[in-house]
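In what follows, a single structure is set out as structure tokens and then discussed.
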Protein chains: 2
Amino acid sequence: MADTSGVPEPTLDEQIAAYQREFRDLDPQVEKIVSALGRLNRRMNVAYGRQTANLGISSADWEVLKALVLAGDPYRMGPSDLAKRLGLTPAAMTHRIDRMVTEGLVTRERDESNRVRVIVELTPEGRGKWLEAMRMATVFEEDLLQDLSPDERTVLGEVLTRLLRRVEHAQPDAGGRLSDLD
Amino acid sequence: MADTSGVPEPTLDEQIAAYQREFRDLDPQVEKIVSALGRLNRRMNVAYGRQTANLGISSADWEVLKALVLAGDPYRMGPSDLAKRLGLTPAAMTHRIDRMVTEGLVTRERDESNRVRVIVELTPEGRGKWLEAMRMATVFEEDLLQDLSPDERTVLGEVLTRLLRRVEHAQPDAGGRLSDLD
DNA sequence: TCTGAAGACTTAGAAGCTAAAGAGTACATA
DNA sequence: TATGTACTCTTTAGCTTCTAAGTCTTCAGA
């Protein structure tokens, strides 16, 4: 584990002030919204990560569990569909499934009706881990939002989905990957 | 590059509906806010990633450039301070700096007043890349938010900083790492 | 001068990814 | 039936980036 003590991250306002100092054409209000979004997400992911780590599952495991649960009962997908869904190569998916099989989270077997295909299926234990992670996550989320009034929740949800629609429309398909610009 | 065609991600509403089906105790409004936050952030990061990739810098490069710029003129930090700031081990920082020196983004030299220390300094080219990345990012961000009224911007900024304060208070220091639970 | 602490680097190795080659299965067509 | 082709998954080789542990250099204090 890397040492993260000392050398603290600047506060949001300090960072915005520094940006304005180093970069003239900056709307501080826009930057504050965007930076807060990035930071909020980063902190939330740290919290989720701690919770799932306590369950003994990695973020890679989590992604696969989520995809299988969203597929609905009987919680099955093929490796290449999973790979496309998660943006991995089939080779990477093979290794990931190997690990998850040994962890007891999923099973892998040939499709008897078409023996070219392979079926990855959630085990009861895998589904249990997903449910437990969701339970912890929702407790955290409720707590996070508890200071927001009903009106604020409505507005926030509406505005965020509007932004999401805009960003999805602006970029039809994916490219690189990057942590928050923040 | 992994194939990401076909097998589309469910829409936000489809996903919420699936979560409700699979997990009883779920406040759909809370989940919608949280999921929209996660997705929005993910899409934004993809956009940033494309932009910086066009400049020939990686997300790792970007993090270092940002830290040095935020340090202010003369844009200097020691490797271990950078490592702590970015949550890496000093060894990883050494390699990252190696790469960035060959890319001409930073210089590395011994501190003559204390020869144990090393000083990493932003080059004019590195600063130029940061400025250019910021320029592209702000254009994208202005465009993203353009449909929001002044009132909506004010409320959004205020609510997000409130949430940020809450999440920062709730978890003083970091733990694991995870992509969006979404 | 000696010694311990601290900072940066080196080495060895683990994890996870990609690209490309390989193996097995299904199916269309002769 | 035989065979070529396509499809799916796995294997192999190699790359990148990280951590852990050890080394080297420098500085500060006894």
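Convention: chains lettered A, B, ... in structure tokens order; per-chain residue numbering from 1; ligands numbered from 1 as shown.
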Exercise for the section: Starting from chain A, keep only residues with some atom at most 8 Å from an atom of chain D, counting only C-alpha atoms (C1' of nucleotides), and report them as a PyMOL selection string. Expected result: chain A and resi 1+79-80+90-91+94+116-118
Exercise for the section: Could you please select, counting only C-alpha atoms (C1' of nucleotides), the residues of chain A within 12 Å of chain C and state them as a PyMOL selection string? Expected result: chain A and resi 60+87-96+99+110-118
Practice task
Write out as number ranges by chain each polymer residue whose atoms come within 10 Å of Leu26 in chain B, counting only C-alpha atoms (C1' of nucleotides); drop sequence neighbours fewer than 6 positions from it.
Solution key: A: 134-135, 138-139, 142; B: 16, 19-20
Prev. selection, all heavy atoms, output as a PDB file, in the first residue's frame:
ATOM      1  N   MET A 134     -24.585  -4.672  -2.383  1.00  0.00           N
ATOM      2  CA  MET A 134     -25.643  -3.707  -2.639  1.00  0.00           C
ATOM      3  C   MET A 134     -26.231  -3.195  -1.327  1.00  0.00           C
ATOM      4  O   MET A 134     -26.506  -2.003  -1.182  1.00  0.00           O
ATOM      5  CB  MET A 134     -26.756  -4.352  -3.473  1.00  0.00           C
ATOM      6  CG  MET A 134     -26.484  -4.386  -4.954  1.00  0.00           C
ATOM      7  SD  MET A 134     -26.343  -2.729  -5.682  1.00  0.00           S
ATOM      8  CE  MET A 134     -28.071  -2.243  -5.773  1.00  0.00           C
ATOM      9  N   ARG A 135     -26.390  -4.091  -0.374  1.00  0.00           N
ATOM     10  CA  ARG A 135     -26.951  -3.681   0.904  1.00  0.00           C
ATOM     11  C   ARG A 135     -26.063  -2.627   1.554  1.00  0.00           C
ATOM     12  O   ARG A 135     -26.528  -1.569   1.988  1.00  0.00           O
ATOM     13  CB  ARG A 135     -27.084  -4.899   1.828  1.00  0.00           C
ATOM     14  CG  ARG A 135     -28.003  -4.694   3.025  1.00  0.00           C
ATOM     15  CD  ARG A 135     -27.872  -5.812   4.048  1.00  0.00           C
ATOM     16  NE  ARG A 135     -26.492  -5.977   4.519  1.00  0.00           N
ATOM     17  CZ  ARG A 135     -25.878  -5.129   5.359  1.00  0.00           C
ATOM     18  NH1 ARG A 135     -26.519  -4.065   5.806  1.00  0.00           N
ATOM     19  NH2 ARG A 135     -24.634  -5.342   5.724  1.00  0.00           N
ATOM     20  N   THR A 138     -26.168   0.731  -0.468  1.00  0.00           N
ATOM     21  CA  THR A 138     -27.364   1.556  -0.332  1.00  0.00           C
ATOM     22  C   THR A 138     -27.408   2.244   1.032  1.00  0.00           C
ATOM     23  O   THR A 138     -27.873   3.377   1.130  1.00  0.00           O
ATOM     24  CB  THR A 138     -28.646   0.729  -0.545  1.00  0.00           C
ATOM     25  OG1 THR A 138     -28.622  -0.419   0.303  1.00  0.00           O
ATOM     26  CG2 THR A 138     -28.765   0.271  -1.987  1.00  0.00           C
ATOM     27  N   VAL A 139     -26.906   1.565   2.060  1.00  0.00           N
ATOM     28  CA  VAL A 139     -26.826   2.223   3.366  1.00  0.00           C
ATOM     29  C   VAL A 139     -25.940   3.459   3.260  1.00  0.00           C
ATOM     30  O   VAL A 139     -26.292   4.552   3.720  1.00  0.00           O
ATOM     31  CB  VAL A 139     -26.268   1.248   4.435  1.00  0.00           C
ATOM     32  CG1 VAL A 139     -25.916   2.014   5.712  1.00  0.00           C
ATOM     33  CG2 VAL A 139     -27.273   0.147   4.726  1.00  0.00           C
ATOM     34  N   GLU A 142     -27.741   6.238   1.135  1.00  0.00           N
ATOM     35  CA  GLU A 142     -28.802   6.914   1.884  1.00  0.00           C
ATOM     36  C   GLU A 142     -28.190   7.913   2.865  1.00  0.00           C
ATOM     37  O   GLU A 142     -28.651   9.041   3.010  1.00  0.00           O
ATOM     38  CB  GLU A 142     -29.634   5.879   2.690  1.00  0.00           C
ATOM     39  CG  GLU A 142     -30.462   4.923   1.855  1.00  0.00           C
ATOM     40  CD  GLU A 142     -31.770   5.547   1.381  1.00  0.00           C
ATOM     41  OE1 GLU A 142     -32.054   6.725   1.738  1.00  0.00           O
ATOM     42  OE2 GLU A 142     -32.515   4.866   0.652  1.00  0.00           O
TER      43      GLU A 142
ATOM     44  N   ILE B  16     -31.954   0.750 -13.241  1.00  0.00           N
ATOM     45  CA  ILE B  16     -32.658   0.957 -11.962  1.00  0.00           C
ATOM     46  C   ILE B  16     -33.778  -0.069 -11.815  1.00  0.00           C
ATOM     47  O   ILE B  16     -33.963  -0.657 -10.743  1.00  0.00           O
ATOM     48  CB  ILE B  16     -33.254   2.381 -11.885  1.00  0.00           C
ATOM     49  CG1 ILE B  16     -32.189   3.437 -12.165  1.00  0.00           C
ATOM     50  CG2 ILE B  16     -33.935   2.600 -10.541  1.00  0.00           C
ATOM     51  CD1 ILE B  16     -31.357   3.819 -11.018  1.00  0.00           C
ATOM     52  N   TYR B  19     -32.307  -3.349 -10.900  1.00  0.00           N
ATOM     53  CA  TYR B  19     -31.891  -3.347  -9.495  1.00  0.00           C
ATOM     54  C   TYR B  19     -33.085  -3.550  -8.574  1.00  0.00           C
ATOM     55  O   TYR B  19     -33.017  -4.288  -7.595  1.00  0.00           O
ATOM     56  CB  TYR B  19     -31.200  -2.028  -9.144  1.00  0.00           C
ATOM     57  CG  TYR B  19     -29.748  -1.952  -9.519  1.00  0.00           C
ATOM     58  CD1 TYR B  19     -29.072  -0.741  -9.512  1.00  0.00           C
ATOM     59  CD2 TYR B  19     -29.026  -3.088  -9.871  1.00  0.00           C
ATOM     60  CE1 TYR B  19     -27.732  -0.660  -9.844  1.00  0.00           C
ATOM     61  CE2 TYR B  19     -27.689  -3.025 -10.197  1.00  0.00           C
ATOM     62  CZ  TYR B  19     -27.041  -1.806 -10.180  1.00  0.00           C
ATOM     63  OH  TYR B  19     -25.719  -1.718 -10.499  1.00  0.00           O
ATOM     64  N   GLN B  20     -34.184  -2.876  -8.885  1.00  0.00           N
ATOM     65  CA  GLN B  20     -35.374  -3.032  -8.036  1.00  0.00           C
ATOM     66  C   GLN B  20     -35.898  -4.457  -8.089  1.00  0.00           C
ATOM     67  O   GLN B  20     -36.412  -4.969  -7.098  1.00  0.00           O
ATOM     68  CB  GLN B  20     -36.463  -2.058  -8.486  1.00  0.00           C
ATOM     69  CG  GLN B  20     -36.169  -0.626  -8.064  1.00  0.00           C
ATOM     70  CD  GLN B  20     -37.374   0.275  -8.301  1.00  0.00           C
ATOM     71  OE1 GLN B  20     -37.651   0.665  -9.433  1.00  0.00           O
ATOM     72  NE2 GLN B  20     -38.089   0.583  -7.234  1.00  0.00           N
TER      73      GLN B  20
END
Exercise for the section: Using only C-alpha atoms, pick whichever of A:Arg76, A:Phe140, A:Leu86, A:Asp13 has the shortest atom-to-atom distance to Thr107 in chain A. Expected result: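 Looking only at the distances to Thr107 in chain A, the closest residue turns out to be A:Arg76.
Between chain A and the residues B:Arg21, B:Arg162, B:Arg50, B:His169, the shortest atom-to-atom distance, using only C-alpha atoms, involves B:Arg50.
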Problem - Neighbour list for Ala17 in chain A as number ranges by chain, cut-off 10 Å, only C-alpha atoms (C1' of nucleotides), skip fewer than 5 positions in-chain - result: A: 11-12, 22-23, 28; B: 70
Range 42-134 of chain A: which residues are strand (DSSP E) by DSSP, as a CSV table (one decimal) with all heavy atoms, in the first residue's frame?
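Generated output (selection-v9.csv):
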chain,number,residue,atom,x,y,z
A,76,ARG,N,-27.0,-15.7,-16.5
A,76,ARG,CA,-26.0,-16.4,-17.4
A,76,ARG,C,-25.6,-15.4,-18.5
A,76,ARG,O,-26.4,-14.7,-19.1
A,76,ARG,CB,-26.6,-17.6,-18.1
A,76,ARG,CG,-26.8,-18.8,-17.1
A,76,ARG,CD,-27.5,-19.9,-17.9
A,76,ARG,NE,-27.7,-21.0,-17.0
A,76,ARG,CZ,-28.4,-22.1,-17.4
A,76,ARG,NH1,-29.0,-22.2,-18.6
A,76,ARG,NH2,-28.5,-23.1,-16.5
A,77,MET,N,-24.3,-15.5,-18.9
A,77,MET,CA,-23.8,-14.8,-20.1
A,77,MET,C,-22.6,-15.6,-20.6
A,77,MET,O,-22.0,-16.4,-19.9
A,77,MET,CB,-23.3,-13.4,-19.8
A,77,MET,CG,-24.4,-12.4,-19.4
A,77,MET,SD,-23.7,-10.8,-19.1
A,77,MET,CE,-23.4,-10.1,-20.7
A,106,VAL,N,-18.6,-17.8,-9.7
A,106,VAL,CA,-19.3,-18.2,-10.9
A,106,VAL,C,-19.0,-19.6,-11.3
A,106,VAL,O,-18.0,-20.2,-10.8
A,106,VAL,CB,-19.0,-17.3,-12.1
A,106,VAL,CG1,-19.4,-15.8,-11.8
A,106,VAL,CG2,-17.5,-17.4,-12.5
A,107,THR,N,-19.8,-20.2,-12.2
A,107,THR,CA,-19.4,-21.5,-12.8
A,107,THR,C,-19.2,-21.3,-14.3
A,107,THR,O,-19.7,-20.4,-14.8
A,107,THR,CB,-20.4,-22.6,-12.6
A,107,THR,OG1,-21.7,-22.1,-13.2
A,107,THR,CG2,-20.7,-22.9,-11.1
A,108,ARG,N,-18.4,-22.2,-14.9
A,108,ARG,CA,-18.2,-22.1,-16.3
A,108,ARG,C,-18.5,-23.5,-16.9
A,108,ARG,O,-17.9,-24.5,-16.4
A,108,ARG,CB,-16.8,-21.7,-16.7
A,108,ARG,CG,-16.4,-21.9,-18.1
A,108,ARG,CD,-15.2,-21.2,-18.5
A,108,ARG,NE,-14.1,-21.3,-17.6
A,108,ARG,CZ,-13.1,-20.5,-17.7
A,108,ARG,NH1,-13.0,-19.5,-18.6
A,108,ARG,NH2,-12.1,-20.6,-16.8
A,109,GLU,N,-19.4,-23.6,-17.9
A,109,GLU,CA,-19.6,-24.9,-18.5
A,109,GLU,C,-19.9,-24.7,-20.0
A,109,GLU,O,-20.4,-23.6,-20.4
A,109,GLU,CB,-20.6,-25.7,-17.8
A,109,GLU,CG,-22.0,-25.0,-17.7
A,109,GLU,CD,-22.9,-25.7,-16.8
A,109,GLU,OE1,-22.5,-26.2,-15.7
A,109,GLU,OE2,-24.1,-25.9,-17.2
A,110,ARG,N,-19.7,-25.8,-20.8
A,110,ARG,CA,-20.1,-25.7,-22.2
A,110,ARG,C,-21.6,-25.7,-22.3
A,110,ARG,O,-22.3,-26.4,-21.6
A,110,ARG,CB,-19.5,-26.9,-22.9
A,110,ARG,CG,-18.0,-26.9,-23.1
A,110,ARG,CD,-17.7,-27.3,-24.5
A,110,ARG,NE,-16.3,-26.9,-24.9
A,110,ARG,CZ,-15.9,-25.7,-25.2
A,110,ARG,NH1,-16.7,-24.7,-25.3
A,110,ARG,NH2,-14.6,-25.5,-25.5
A,118,VAL,N,-19.7,-21.2,-24.4
A,118,VAL,CA,-19.5,-21.4,-23.0
A,118,VAL,C,-20.5,-20.6,-22.2
A,118,VAL,O,-20.8,-19.5,-22.7
A,118,VAL,CB,-18.1,-21.1,-22.6
A,118,VAL,CG1,-17.9,-21.1,-21.1
A,118,VAL,CG2,-17.1,-22.0,-23.3
A,119,ILE,N,-21.0,-21.1,-21.1
A,119,ILE,CA,-21.9,-20.3,-20.3
A,119,ILE,C,-21.3,-20.0,-18.9
A,119,ILE,O,-20.8,-21.0,-18.3
A,119,ILE,CB,-23.2,-21.1,-20.1
A,119,ILE,CG1,-23.9,-21.4,-21.4
A,119,ILE,CG2,-24.1,-20.4,-19.1
A,119,ILE,CD1,-25.2,-22.2,-21.3
A,120,VAL,N,-21.3,-18.8,-18.6
A,120,VAL,CA,-20.8,-18.4,-17.3
A,120,VAL,C,-22.0,-18.1,-16.5
A,120,VAL,O,-22.9,-17.3,-16.9
A,120,VAL,CB,-19.9,-17.1,-17.4
A,120,VAL,CG1,-19.5,-16.7,-16.0
A,120,VAL,CG2,-18.7,-17.4,-18.2
A,121,GLU,N,-22.2,-18.7,-15.3
A,121,GLU,CA,-23.4,-18.6,-14.5
A,121,GLU,C,-23.0,-18.2,-13.1
A,121,GLU,O,-22.1,-18.7,-12.5
A,121,GLU,CB,-24.2,-19.9,-14.5
A,121,GLU,CG,-25.5,-19.8,-13.7
A,121,GLU,CD,-26.3,-21.0,-13.8
A,121,GLU,OE1,-26.4,-21.6,-14.9
A,121,GLU,OE2,-27.0,-21.4,-12.8
A,122,LEU,N,-23.8,-17.3,-12.6
A,122,LEU,CA,-23.6,-16.8,-11.2
A,122,LEU,C,-23.9,-18.0,-10.2
A,122,LEU,O,-24.9,-18.7,-10.4
A,122,LEU,CB,-24.5,-15.7,-10.9
A,122,LEU,CG,-24.3,-14.7,-9.8
A,122,LEU,CD1,-22.9,-14.0,-10.0
A,122,LEU,CD2,-25.4,-13.6,-9.8
Handout entry: Which of range 116-155 of chain B DSSP labels helix (DSSP H, G or I), written as an MDAnalysis selection string
Key = chainID B and resid 124:144 150:155
Practice task
Can you work out the spacing between CA of Met136 in chain A and CA of Asp27 in chain B in Å, to one decimal?
Solution key: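 Taking CA of Met136 in chain A and CA of Asp27 in chain B, their separation equals 13.6 Å.
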